$ cat work05.txt   # compact mmCIF, C-alpha atoms
# COMPACT_ATOMS: atom_id res chain seq x y z
CA MET A 241 0.00 0.00 0.00
CA THR A 242 1.28 3.43 -0.86
CA GLU A 243 0.57 6.80 0.65
CA PRO A 244 -0.23 9.83 -1.45
CA PRO A 245 2.41 12.52 -1.68
CA GLU A 246 0.18 14.86 0.33
CA ALA A 247 0.00 12.52 3.32
CA SER A 248 3.73 11.83 3.53
CA ALA A 249 4.81 15.41 2.90
CA ALA A 250 2.14 17.29 4.81
CA ALA A 251 4.80 19.12 6.81
CA ALA A 252 6.33 20.71 3.72
CA GLN A 253 4.82 24.18 3.67
CA PRO A 254 5.31 26.42 0.61
CA ALA A 255 7.07 29.70 1.04
CA PRO A 256 4.95 32.87 1.05
CA GLY A 257 4.12 33.97 -2.46
CA ALA A 258 4.67 30.49 -3.91
CA SER A 259 2.32 27.70 -4.95
CA THR A 260 2.93 23.98 -4.82
CA GLY A 261 2.77 22.28 -8.21
CA SER A 262 1.54 18.78 -8.96
CA ALA A 263 5.05 17.37 -8.49
CA GLY A 264 5.38 19.01 -5.08
CA THR A 265 7.80 21.73 -6.24
CA ALA A 266 7.32 25.38 -5.48
CA VAL A 267 6.10 27.43 -8.40
CA ALA A 268 6.21 31.21 -8.33
CA LEU A 269 2.85 32.89 -8.72
CA PRO A 270 2.43 35.56 -11.37
CA PRO A 271 2.04 39.16 -10.20
CA SER A 272 -1.50 39.92 -9.10
CA GLY A 273 -1.94 42.65 -11.72
CA GLU A 274 -0.95 40.33 -14.55
CA SER A 275 -3.28 37.61 -13.24
CA ASP A 276 -6.18 40.07 -13.03
CA ARG A 277 -5.58 41.30 -16.58
CA SER A 278 -5.44 37.78 -18.00
CA GLY A 279 -8.59 36.83 -16.10
CA ALA A 280 -10.45 39.88 -17.37
CA THR A 281 -9.34 39.12 -20.95
CA ALA A 282 -10.54 35.53 -20.63
CA ARG A 283 -13.92 36.67 -19.29
CA ARG A 284 -14.36 39.14 -22.14
CA SER A 285 -13.50 36.42 -24.64
CA VAL A 286 -16.06 34.04 -23.11
CA THR A 287 -18.72 36.77 -23.08
CA ALA A 288 -18.05 37.60 -26.73
CA ARG A 289 -18.30 33.95 -27.80
CA ALA A 290 -21.45 33.43 -25.75
CA THR A 291 -23.09 36.56 -27.18
CA ALA A 292 -22.23 35.51 -30.73
CA ALA A 293 -23.63 32.03 -30.14
CA GLY A 294 -26.82 33.48 -28.66
CA VAL A 295 -27.34 35.86 -31.58
CA ILE A 296 -26.77 33.11 -34.16
CA VAL A 297 -29.20 30.68 -32.49
CA ALA A 298 -31.84 33.41 -32.09
CA LEU A 299 -31.54 34.36 -35.78
CA VAL A 300 -31.80 30.71 -36.81
CA LEU A 301 -35.00 30.38 -34.78
CA ILE A 302 -36.46 33.55 -36.35
CA VAL A 303 -35.74 32.19 -39.83
CA ALA A 304 -37.28 28.83 -38.82
CA ILE A 305 -40.42 30.63 -37.61
CA VAL A 306 -40.76 32.60 -40.84
CA LEU A 307 -40.21 29.57 -43.06
CA GLY A 308 -42.21 27.12 -40.91
CA SER A 309 -45.23 29.44 -40.82
CA ARG A 310 -45.11 29.74 -44.63
CA PHE A 311 -43.73 33.28 -44.49
CA LEU A 312 -46.00 34.16 -41.54
CA GLU A 313 -49.16 33.13 -43.39
CA ASN A 314 -50.02 30.70 -40.57
CA PHE A 315 -48.58 32.88 -37.79
CA ASP A 316 -51.10 34.04 -35.20
CA SER A 317 -50.33 37.64 -34.23
CA ALA A 318 -52.07 37.11 -30.88
CA LEU A 319 -49.24 34.74 -29.98
CA LEU A 320 -46.50 37.24 -30.83
CA PRO A 321 -45.42 37.78 -27.17
CA TYR A 322 -44.92 34.03 -26.78
CA ALA A 323 -42.89 33.84 -29.98
CA VAL A 324 -40.69 36.76 -28.91
CA ALA A 325 -40.14 35.07 -25.55
CA THR A 326 -39.00 31.87 -27.29
CA VAL A 327 -36.47 33.90 -29.28
CA PHE A 328 -35.11 35.33 -26.02
CA LEU A 329 -35.15 31.78 -24.65
CA ALA A 330 -33.05 30.55 -27.58
CA PHE A 331 -30.57 33.41 -27.10
CA GLY A 332 -30.34 32.79 -23.35
CA VAL A 333 -29.86 29.02 -23.67
CA ALA A 334 -27.10 29.41 -26.26
CA TYR A 335 -25.43 32.17 -24.22
CA ARG A 336 -25.55 30.27 -20.93
CA TYR A 337 -24.52 26.97 -22.50
CA THR A 338 -21.48 28.59 -24.12
CA VAL A 339 -20.47 30.15 -20.82
CA TRP A 340 -21.02 26.83 -19.06
CA VAL A 341 -18.87 24.77 -21.42
CA SER A 342 -16.11 27.41 -21.25
CA ALA A 343 -15.31 26.31 -17.69
CA PRO A 344 -12.61 23.58 -17.63
CA GLY A 345 -14.70 20.99 -15.78
CA ALA A 346 -17.82 21.53 -17.87
CA ARG A 347 -15.81 21.57 -21.09
CA ARG A 348 -14.32 18.18 -20.32
CA LEU A 349 -17.78 16.84 -19.39
CA PHE A 350 -19.17 18.28 -22.62
CA LYS A 351 -16.48 16.67 -24.78
CA LYS A 352 -16.58 13.28 -23.07
CA GLY A 353 -20.37 13.20 -22.76
CA TRP A 354 -21.28 14.22 -26.29
CA GLY A 355 -18.34 12.25 -27.67
CA SER A 356 -19.76 9.12 -26.09
CA LEU A 357 -23.27 9.91 -27.33
CA PHE A 358 -22.14 10.15 -30.95
CA SER A 359 -19.45 7.47 -30.83
CA ALA A 360 -19.88 4.80 -33.50
CA GLU A 361 -17.57 2.53 -31.50
CA ASN A 362 -19.83 2.74 -28.44
CA PHE A 363 -22.87 1.99 -30.58
CA ARG A 364 -21.14 -1.03 -32.11
CA ARG A 365 -20.12 -2.48 -28.74
CA ALA A 366 -23.37 -1.70 -26.90
CA PRO A 367 -26.15 -0.86 -29.39
CA THR A 368 -28.90 -0.88 -26.75
CA ALA A 369 -27.04 1.08 -24.08
CA LEU A 370 -27.83 4.57 -25.38
CA PRO A 371 -31.60 4.06 -25.89
CA LYS A 372 -31.81 2.39 -22.48
CA MET A 373 -30.00 5.25 -20.74
CA ILE A 374 -32.08 7.88 -22.50
CA ALA A 375 -35.23 6.09 -21.33
CA THR A 376 -34.12 5.35 -17.76
CA TYR A 377 -31.83 8.29 -16.96
CA LEU A 378 -33.31 11.08 -19.06
CA GLY A 379 -36.94 9.98 -19.41
CA PHE A 380 -37.94 8.11 -16.27
CA GLN A 381 -35.07 9.41 -14.07
CA LYS A 382 -34.71 6.19 -12.11
CA PHE A 383 -31.84 7.67 -10.11
CA LEU A 384 -34.40 9.86 -8.30
CA GLY A 385 -36.28 6.78 -7.12
CA ALA A 386 -33.29 5.77 -4.99
CA ARG A 387 -33.67 9.02 -3.02
CA SER A 388 -37.44 9.06 -2.57
CA HIS A 389 -40.35 7.47 -4.39
CA ALA A 390 -42.50 10.55 -3.70
CA ARG A 391 -39.88 12.90 -5.18
CA TRP A 392 -39.54 10.63 -8.20
CA ALA A 393 -43.31 10.59 -8.79
CA ALA A 394 -43.58 14.37 -8.42
CA HIS A 395 -40.65 14.94 -10.75
CA GLN A 396 -42.20 12.63 -13.33
CA LEU A 397 -45.47 14.58 -13.21
CA ILE A 398 -43.64 17.85 -13.79
CA PHE A 399 -41.37 16.38 -16.46
CA TRP A 400 -44.04 14.79 -18.63
CA GLY A 401 -46.45 17.68 -18.11
CA CYS A 402 -43.83 20.17 -19.30
CA ILE A 403 -42.84 17.93 -22.23
CA LEU A 404 -46.47 17.68 -23.35
CA ALA A 405 -47.00 21.43 -22.97
CA SER A 406 -43.80 22.22 -24.91
CA LEU A 407 -44.69 19.87 -27.77
CA ILE A 408 -48.02 21.66 -28.14
CA THR A 409 -47.14 25.27 -27.29
CA PHE A 410 -43.94 25.87 -29.22
CA PRO A 411 -45.13 24.67 -32.66
CA LEU A 412 -48.43 26.54 -32.23
CA THR A 413 -46.61 29.69 -31.16
CA TRP A 414 -44.29 29.54 -34.16
CA GLY A 415 -47.12 28.90 -36.62
CA TRP A 416 -45.89 25.42 -37.46
CA PHE A 417 -49.10 23.71 -36.28
CA THR A 418 -52.50 24.85 -37.46
CA PHE A 419 -55.99 23.51 -36.90
CA THR A 420 -58.43 24.37 -39.66
CA SER A 421 -62.09 23.55 -40.18
CA GLY A 422 -63.39 22.76 -43.64
CA SER A 423 -66.89 24.05 -42.82
CA GLY A 424 -65.76 27.07 -40.80
CA SER A 425 -67.52 25.96 -37.60
CA GLY A 426 -66.51 22.31 -37.22
CA PRO A 427 -66.89 19.72 -35.94
CA GLY A 428 -64.45 18.36 -38.55
CA TYR A 429 -60.88 19.72 -38.22
CA GLU A 430 -57.55 19.13 -39.88
CA MET A 431 -54.18 19.36 -38.19
CA ARG A 432 -51.46 20.69 -40.49
CA ILE A 433 -47.73 20.90 -39.94
CA TRP A 434 -45.89 23.46 -42.11
CA GLY A 435 -49.01 23.62 -44.24
CA PHE A 436 -49.21 19.88 -44.91
CA LYS A 437 -52.19 17.90 -43.67
CA ILE A 438 -51.26 15.32 -41.04
CA ILE A 439 -54.57 14.11 -39.64
CA GLY A 440 -58.27 14.88 -39.72
CA PHE A 441 -60.46 14.50 -36.66
CA ASP A 442 -63.86 15.24 -35.22
CA SER A 443 -63.74 17.76 -32.37
CA LEU A 444 -66.60 15.94 -30.63
CA ASP A 445 -64.90 12.54 -30.32
CA ILE A 446 -62.14 11.43 -27.93
CA LEU A 447 -59.29 12.29 -30.28
CA GLY A 448 -60.69 15.76 -30.83
CA TRP A 449 -61.12 16.31 -27.10
CA LEU A 450 -57.50 15.28 -26.48
CA MET A 451 -56.30 17.57 -29.28
CA PHE A 452 -58.02 20.64 -27.86
CA HIS A 453 -57.37 19.86 -24.20
CA GLY A 454 -53.76 18.71 -24.33
CA LEU A 455 -52.58 21.76 -22.42
CA ASP A 456 -55.21 21.15 -19.74
CA ILE A 457 -53.90 17.62 -19.31
CA ALA A 458 -50.36 18.99 -19.00
CA ALA A 459 -51.55 21.45 -16.33
CA VAL A 460 -53.24 18.67 -14.35
CA LEU A 461 -49.93 16.78 -14.35
CA VAL A 462 -47.77 19.76 -13.38
CA ILE A 463 -49.87 21.17 -10.52
CA PRO A 464 -49.58 18.21 -8.08
CA GLY A 465 -45.90 17.70 -8.89
CA ALA A 466 -44.95 21.35 -8.39
CA SER A 467 -47.19 21.62 -5.32
CA TYR A 468 -45.43 18.65 -3.71
CA PHE A 469 -42.00 20.20 -4.16
CA LEU A 470 -43.28 23.57 -2.95
CA TRP A 471 -44.76 21.91 0.16
CA ARG A 472 -41.53 19.99 0.73
CA ARG A 473 -39.43 23.15 0.53
CA MET A 474 -41.62 24.72 3.18
CA LYS A 475 -41.60 21.71 5.54
CA ASP A 476 -38.36 19.77 5.01
CA ARG A 477 -35.59 21.11 7.26
CA GLY A 478 -32.84 20.04 4.87
CA ALA A 479 -34.52 21.76 1.93
CA ILE A 480 -35.22 24.92 3.93
CA THR A 481 -31.58 25.24 4.98
CA GLY A 482 -30.12 25.54 1.51
CA GLN A 483 -32.97 26.92 -0.57
CA ARG A 484 -33.02 30.32 -2.26
CA PHE A 485 -36.24 32.08 -3.13
CA GLY A 486 -35.32 33.14 -6.66
CA TYR A 487 -33.63 29.86 -7.52
CA ASP A 488 -35.72 27.20 -5.78
CA LEU A 489 -39.19 28.66 -5.12
CA VAL A 490 -39.82 30.97 -8.08
CA PRO A 491 -39.70 28.13 -10.68
CA LEU A 492 -42.28 26.11 -8.75
CA ILE A 493 -44.56 29.12 -8.25
CA ALA A 494 -44.27 30.00 -11.94
CA LEU A 495 -45.26 26.47 -13.01
CA ILE A 496 -48.27 26.51 -10.70
CA VAL A 497 -49.39 29.96 -11.89
CA ILE A 498 -49.08 28.95 -15.55
CA SER A 499 -51.01 25.73 -14.99
CA VAL A 500 -53.77 27.26 -12.86
CA THR A 501 -54.35 30.22 -15.19
CA GLY A 502 -54.40 27.86 -18.16
CA LEU A 503 -57.10 25.74 -16.54
CA LEU A 504 -59.04 28.86 -15.60
CA LEU A 505 -59.03 29.93 -19.25
CA THR A 506 -60.74 26.66 -20.16
CA PHE A 507 -63.13 27.02 -17.22
CA SER A 508 -64.02 30.57 -18.30
CA SER A 509 -64.69 29.61 -21.92
CA ILE A 510 -66.86 26.59 -21.01
CA PHE A 511 -68.72 27.58 -17.85
CA LEU A 512 -68.55 31.39 -17.69
CA HIS A 513 -69.15 32.12 -21.38
CA GLY A 514 -65.83 33.98 -21.55
CA GLY A 515 -66.21 35.97 -18.34
CA GLY A 516 -62.83 37.26 -17.16
CA TYR A 517 -61.14 35.60 -20.10
CA GLU A 518 -59.12 38.66 -21.18
CA PHE A 519 -57.66 39.24 -17.72
CA LEU A 520 -56.79 35.55 -17.33
CA ALA A 521 -55.24 35.49 -20.81
CA ILE A 522 -52.97 38.43 -19.96
CA LEU A 523 -52.01 36.93 -16.60
CA HIS A 524 -51.27 33.58 -18.25
CA MET A 525 -49.21 35.25 -20.98
CA VAL A 526 -47.13 37.23 -18.46
CA ALA A 527 -46.42 34.06 -16.44
CA VAL A 528 -45.38 32.08 -19.53
CA VAL A 529 -43.19 34.85 -20.95
CA PHE A 530 -41.47 35.37 -17.58
CA THR A 531 -40.82 31.65 -17.21
CA LEU A 532 -39.42 31.27 -20.74
CA ILE A 533 -37.00 34.15 -20.20
CA TYR A 534 -36.09 32.79 -16.74
CA ILE A 535 -35.23 29.26 -17.94
CA PRO A 536 -31.64 29.88 -19.15
CA PHE A 537 -30.61 31.74 -16.00
CA GLY A 538 -32.33 29.74 -13.25
CA LYS A 539 -32.82 26.23 -11.97
CA PHE A 540 -34.53 25.06 -15.16
CA PHE A 541 -31.21 25.29 -16.99
CA HIS A 542 -30.39 21.78 -15.74
CA ILE A 543 -32.86 20.56 -18.39
CA VAL A 544 -30.41 21.75 -21.05
CA GLN A 545 -27.41 20.28 -19.22
CA ARG A 546 -28.88 16.84 -18.58
CA PRO A 547 -28.16 15.24 -22.02
CA ALA A 548 -24.41 15.74 -21.49
CA ALA A 549 -24.75 13.86 -18.20
CA VAL A 550 -26.36 10.98 -20.11
CA GLY A 551 -23.28 10.90 -22.31
CA MET A 552 -21.07 10.72 -19.22
CA GLN A 553 -23.10 7.76 -17.93
CA LEU A 554 -22.53 6.05 -21.29
CA PHE A 555 -18.82 6.89 -20.98
CA LYS A 556 -18.70 5.11 -17.62
CA TYR A 557 -20.81 2.19 -18.86
CA THR A 558 -18.52 1.42 -21.81
CA GLY A 559 -15.53 1.53 -19.45
CA ARG A 560 -17.17 -1.11 -17.25
CA GLN A 561 -17.89 -3.26 -20.31
CA ASP A 562 -14.16 -3.25 -21.06
CA GLN A 563 -13.42 -4.29 -17.46
CA GLU A 564 -11.48 -1.05 -16.96
CA VAL A 565 -12.22 -0.74 -13.25
CA PHE A 566 -9.86 1.41 -11.19
CA HIS A 567 -9.09 0.19 -7.68
CA CYS A 568 -8.18 2.30 -4.69
CA ARG A 569 -4.42 2.61 -4.28
CA ARG A 570 -4.69 1.97 -0.55
CA CYS A 571 -7.38 -0.65 0.08
CA GLU A 572 -7.75 -2.07 -3.46
CA GLU A 573 -11.53 -1.58 -3.42
CA PRO A 574 -13.03 -0.63 -6.81
CA ILE A 575 -13.69 3.11 -7.21
CA ASP A 576 -14.97 3.59 -10.74
CA THR A 577 -13.88 2.98 -14.30
CA THR A 578 -10.28 3.84 -15.18
CA PRO A 579 -11.28 6.33 -17.93
CA TYR A 580 -13.60 8.11 -15.48
CA VAL A 581 -10.89 8.44 -12.82
CA GLU A 582 -8.42 9.72 -15.40
CA ASN A 583 -11.04 12.18 -16.63
CA LEU A 584 -11.56 13.39 -13.06
CA ARG A 585 -7.82 13.87 -12.58
CA GLY A 586 -7.63 15.76 -15.85
CA THR A 587 -10.45 18.07 -14.73
CA MET A 588 -8.66 18.77 -11.45
CA ARG A 589 -5.46 19.60 -13.34
CA ASP A 590 -7.44 21.90 -15.66
CA LEU A 591 -8.68 23.72 -12.57
CA SER A 592 -5.11 23.95 -11.20
CA LEU A 593 -6.05 21.82 -8.19
CA ASP A 594 -2.71 20.31 -7.26
CA PHE A 595 -4.07 17.28 -5.44
CA ASP A 596 -5.48 15.23 -8.33
CA GLN A 597 -3.73 12.11 -6.92
CA TRP A 598 -6.51 11.93 -4.33
CA ALA A 599 -8.90 10.85 -7.09
CA GLU A 600 -7.13 7.47 -6.96
CA TYR A 601 -8.41 6.79 -3.42
CA CYS A 602 -11.84 5.70 -2.28
CA PRO A 603 -13.82 8.04 0.02
CA ARG A 604 -13.04 5.98 3.13
CA CYS A 605 -9.30 5.98 2.50
CA LYS A 606 -9.35 9.73 1.82
CA ARG A 607 -10.82 10.28 5.26
CA VAL A 608 -8.29 7.94 6.88
CA LEU A 609 -5.34 9.58 5.16
CA ARG A 610 -6.54 13.07 5.97
CA GLY A 611 -6.95 12.07 9.61
CA SER A 612 -3.48 10.50 9.68
CA ALA A 613 -1.93 13.62 8.18
CA TYR A 614 -3.74 15.75 10.75
CA LEU A 615 -2.55 13.62 13.68
CA SER A 616 1.02 13.64 12.40
CA GLN A 617 1.09 17.48 12.43
CA VAL A 618 -1.12 18.32 15.43
CA LYS A 619 -0.83 17.16 19.02
CA LYS A 620 -2.88 14.08 19.83
CA GLY A 621 -5.56 15.53 22.00
CA PHE A 622 -5.78 18.91 23.65
CA LYS A 623 -4.50 19.91 27.06

$ encode --input "work05.txt" --output "structure tokens"
Amino acid sequence: MTEPPEASAAAAQPAPGASTGSAGTAVALPPSGESDRSGATARRSVTARATAAGVIVALVLIVAIVLGSRFLENFDSALLPYAVATVFLAFGVAYRYTVWVSAPGARRLFKKGWGSLFSAENFRRAPTALPKMIATYLGFQKFLGARSHARWAAHQLIFWGCILASLITFPLTWGWFTFTSGSGSGPGYEMRIWGFKIIGFDSLDILGWLMFHGLDIAAVLVIPGASYFLWRRMKDRGAITGQRFGYDLVPLIALIVISVTGLLLTFSSIFLHGGGYEFLAILHMVAVVFTLIYIPFGKFFHIVQRPAAVGMQLFKYTGRQDQEVFHCRRCEEPIDTTPYVENLRGTMRDLSLDFDQWAEYCPRCKRVLRGSAYLSQVKKGFK
């Protein structure tokens, strides 16, 4: 069994103004002014790239809206605020994603994750692995079930409700989907995508009811899921300790407001003959627009990040298939796959963390070695 360099040389303290490198040698730090200038230059470069990416993606979406709506022939002007919000959403997602992948750790995750997703070699060796991980990790999020079945169920309600709402709302907002009646008053309707007829249906049968009430179904799914998490964040001591209003509570409140106002619009049109419809429509629109603009810069951004994590799971899975399991240098217990450990060490080196050797030890041995180093430098006990 070997000890890490940090444990055996814990007494070696670097001189003031020096930093210890990965080999344990003292490395002179650059002057603070030079470091600040280089950091500011790097931040400006990242901001410029992120802004350019956001502008390009937003312009691509605008072109797609114009072309998909047959040069705005099928575009509903009443939905213009929603369409504008989606353009801001596209800009924000591209901007935030570019900033995210500019960080060393995220960049390595991005390369390894997406590289594994689109690897022909991985598909050849494990053709069913990617579809299975997309279904279990991205779709049904089985990893949440290990924490709590209630949290998993609530998350599933929110996830599938939002997916259903997005599949309906975005194409309608952009003018890609249209519902037209041959007689002008129904009950026969046609659903068209980009001007091409896809299906005809009767608005009075089950299919027609599902077509026109898809958003209501999505709202019924989202409300209990979001309400559970909101209740949990008000009652659970662990959740209360670390939560932030703008980051943790606002998304849940926004989902509930969108869903409730959407259901009230249907209630008003059916039971109140349109009473209060205009006010509810404005309130609903404001909630949706706010949420769309909020997505790239709040908690919902993890939705955009999650596919890269699926790629990392595939990266680890293929390593296990090759029997590339890395064992702890101290106790010989398996830690993870060898490529994953090497990737972790590379990330720590990218971040200039000069203790990447610790990645080769299991959590228990890290605690033991840290305790041993502490006892070797500090008196045993206090008098």

$ closest_residue --input "work05.txt" --among "A:Ala375, A:Leu312, A:Ile305, A:Leu384" --to "Val550 in chain A" --atoms "only C-alpha atoms"
A:Ala375

$ residues_near_point --input "work05.txt" --point "(-51.0, 36.0, -23.4)" --cutoff "9 Å" --atoms "only C-alpha atoms" --output "list in words"
Ala318, Leu319, Leu320, Pro321, Tyr322, Glu518, Leu520, Ala521, Ile522, Leu523, His524, Met525, Val526, Ala527, Val528 and Val529 of chain A

$ write_last_selection --input "work05.txt" --atoms "C-alpha atoms" --output "PDB file, in the coordinates of the input"
ATOM      1  CA  ALA A 318     -52.070  37.110 -30.880  1.00  0.00           C
ATOM      2  CA  LEU A 319     -49.240  34.740 -29.980  1.00  0.00           C
ATOM      3  CA  LEU A 320     -46.500  37.240 -30.830  1.00  0.00           C
ATOM      4  CA  PRO A 321     -45.420  37.780 -27.170  1.00  0.00           C
ATOM      5  CA  TYR A 322     -44.920  34.030 -26.780  1.00  0.00           C
ATOM      6  CA  GLU A 518     -59.120  38.660 -21.180  1.00  0.00           C
ATOM      7  CA  LEU A 520     -56.790  35.550 -17.330  1.00  0.00           C
ATOM      8  CA  ALA A 521     -55.240  35.490 -20.810  1.00  0.00           C
ATOM      9  CA  ILE A 522     -52.970  38.430 -19.960  1.00  0.00           C
ATOM     10  CA  LEU A 523     -52.010  36.930 -16.600  1.00  0.00           C
ATOM     11  CA  HIS A 524     -51.270  33.580 -18.250  1.00  0.00           C
ATOM     12  CA  MET A 525     -49.210  35.250 -20.980  1.00  0.00           C
ATOM     13  CA  VAL A 526     -47.130  37.230 -18.460  1.00  0.00           C
ATOM     14  CA  ALA A 527     -46.420  34.060 -16.440  1.00  0.00           C
ATOM     15  CA  VAL A 528     -45.380  32.080 -19.530  1.00  0.00           C
ATOM     16  CA  VAL A 529     -43.190  34.850 -20.950  1.00  0.00           C
TER      17      VAL A 529
END

$ residues_around --input "work05.txt" --residues "range 468-479 of chain A" --least-positions-apart "5" --cutoff "9 Å" --atoms "all atoms listed in the file" --output "count of residues only"
9

$ closest_residue --input "work05.txt" --among "A:Phe537, A:Phe331, A:Phe410, A:Tyr337" --to "Val300 in chain A" --atoms "all atoms listed in the file"
A:Phe331

$ closest_residue --input "work05.txt" --among "A:Tyr429, A:Gly401, A:Arg348, A:Gly486" --to "Ile498 in chain A" --atoms "only C-alpha atoms"
A:Gly401

$ residues_around --input "work05.txt" --residues "range 354-368 of chain A" --least-positions-apart "5" --cutoff "7 Å" --atoms "only C-alpha atoms" --output "ChimeraX atom specification"
/A:548,551,554-555,558

$ write_last_selection --input "work05.txt" --atoms "C-alpha atoms" --output "tab-separated table (two decimals), in the coordinates of the input"
chain	number	residue	atom	x	y	z
A	548	ALA	CA	-24.41	15.74	-21.49
A	551	GLY	CA	-23.28	10.90	-22.31
A	554	LEU	CA	-22.53	6.05	-21.29
A	555	PHE	CA	-18.82	6.89	-20.98
A	558	THR	CA	-18.52	1.42	-21.81

$ residues_around --input "work05.txt" --residues "Val544 in chain A" --least-positions-apart "2" --cutoff "10 Å" --atoms "all atoms listed in the file" --output "list in words"
Val333, Ala334, Arg336, Tyr337, Ile535, Pro536, Phe540, Phe541, His542, Arg546, Pro547 and Ala548 of chain A

$ residues_around --input "work05.txt" --residues "Ser309 in chain A" --least-positions-apart "4" --cutoff "8 Å" --atoms "only C-alpha atoms" --output "list in words"
Ile305, Glu313, Asn314, Phe315, Trp414, Gly415, Trp416, Trp434 and Gly435 of chain A

$ atom_distance --input "work05.txt" --atom1 "CA of Leu505 in chain A" --atom2 "CA of Thr326 in chain A"
21.7 Å

$ atom_distance --input "work05.txt" --atom1 "CA of Ala298 in chain A" --atom2 "CA of Leu378 in chain A"
25.9 Å

$ atom_distance --input "work05.txt" --atom1 "CA of Arg589 in chain A" --atom2 "CA of Ala343 in chain A"
12.7 Å

$ residues_around --input "work05.txt" --residues "Gly440 in chain A" --least-positions-apart "4" --cutoff "8 Å" --atoms "only C-alpha atoms" --output "PDB file with C-alpha atoms, in the coordinates of the input"
ATOM      1  CA  GLY A 428     -64.450  18.360 -38.550  1.00  0.00           C
ATOM      2  CA  TYR A 429     -60.880  19.720 -38.220  1.00  0.00           C
ATOM      3  CA  GLU A 430     -57.550  19.130 -39.880  1.00  0.00           C
ATOM      4  CA  MET A 431     -54.180  19.360 -38.190  1.00  0.00           C
TER       5      MET A 431
END

$ closest_residue --input "work05.txt" --among "A:Val339, A:Leu504, A:Leu307, A:Val565" --to "Ala288 in chain A" --atoms "only C-alpha atoms"
A:Val339

$ decode --input "work05.txt" --residues "range 581-622 of chain A" --atoms "C-alpha atoms" --output "compact mmCIF listing (two decimals), in the first residue's frame"
# COMPACT_ATOMS: atom_id res chain seq x y z
CA VAL A 581 -10.89 8.44 -12.82
CA GLU A 582 -8.42 9.72 -15.40
CA ASN A 583 -11.04 12.18 -16.63
CA LEU A 584 -11.56 13.39 -13.06
CA ARG A 585 -7.82 13.87 -12.58
CA GLY A 586 -7.63 15.76 -15.85
CA THR A 587 -10.45 18.07 -14.73
CA MET A 588 -8.66 18.77 -11.45
CA ARG A 589 -5.46 19.60 -13.34
CA ASP A 590 -7.44 21.90 -15.66
CA LEU A 591 -8.68 23.72 -12.57
CA SER A 592 -5.11 23.95 -11.20
CA LEU A 593 -6.05 21.82 -8.19
CA ASP A 594 -2.71 20.31 -7.26
CA PHE A 595 -4.07 17.28 -5.44
CA ASP A 596 -5.48 15.23 -8.33
CA GLN A 597 -3.73 12.11 -6.92
CA TRP A 598 -6.51 11.93 -4.33
CA ALA A 599 -8.90 10.85 -7.09
CA GLU A 600 -7.13 7.47 -6.96
CA TYR A 601 -8.41 6.79 -3.42
CA CYS A 602 -11.84 5.70 -2.28
CA PRO A 603 -13.82 8.04 0.02
CA ARG A 604 -13.04 5.98 3.13
CA CYS A 605 -9.30 5.98 2.50
CA LYS A 606 -9.35 9.73 1.82
CA ARG A 607 -10.82 10.28 5.26
CA VAL A 608 -8.29 7.94 6.88
CA LEU A 609 -5.34 9.58 5.16
CA ARG A 610 -6.54 13.07 5.97
CA GLY A 611 -6.95 12.07 9.61
CA SER A 612 -3.48 10.50 9.68
CA ALA A 613 -1.93 13.62 8.18
CA TYR A 614 -3.74 15.75 10.75
CA LEU A 615 -2.55 13.62 13.68
CA SER A 616 1.02 13.64 12.40
CA GLN A 617 1.09 17.48 12.43
CA VAL A 618 -1.12 18.32 15.43
CA LYS A 619 -0.83 17.16 19.02
CA LYS A 620 -2.88 14.08 19.83
CA GLY A 621 -5.56 15.53 22.00
CA PHE A 622 -5.78 18.91 23.65
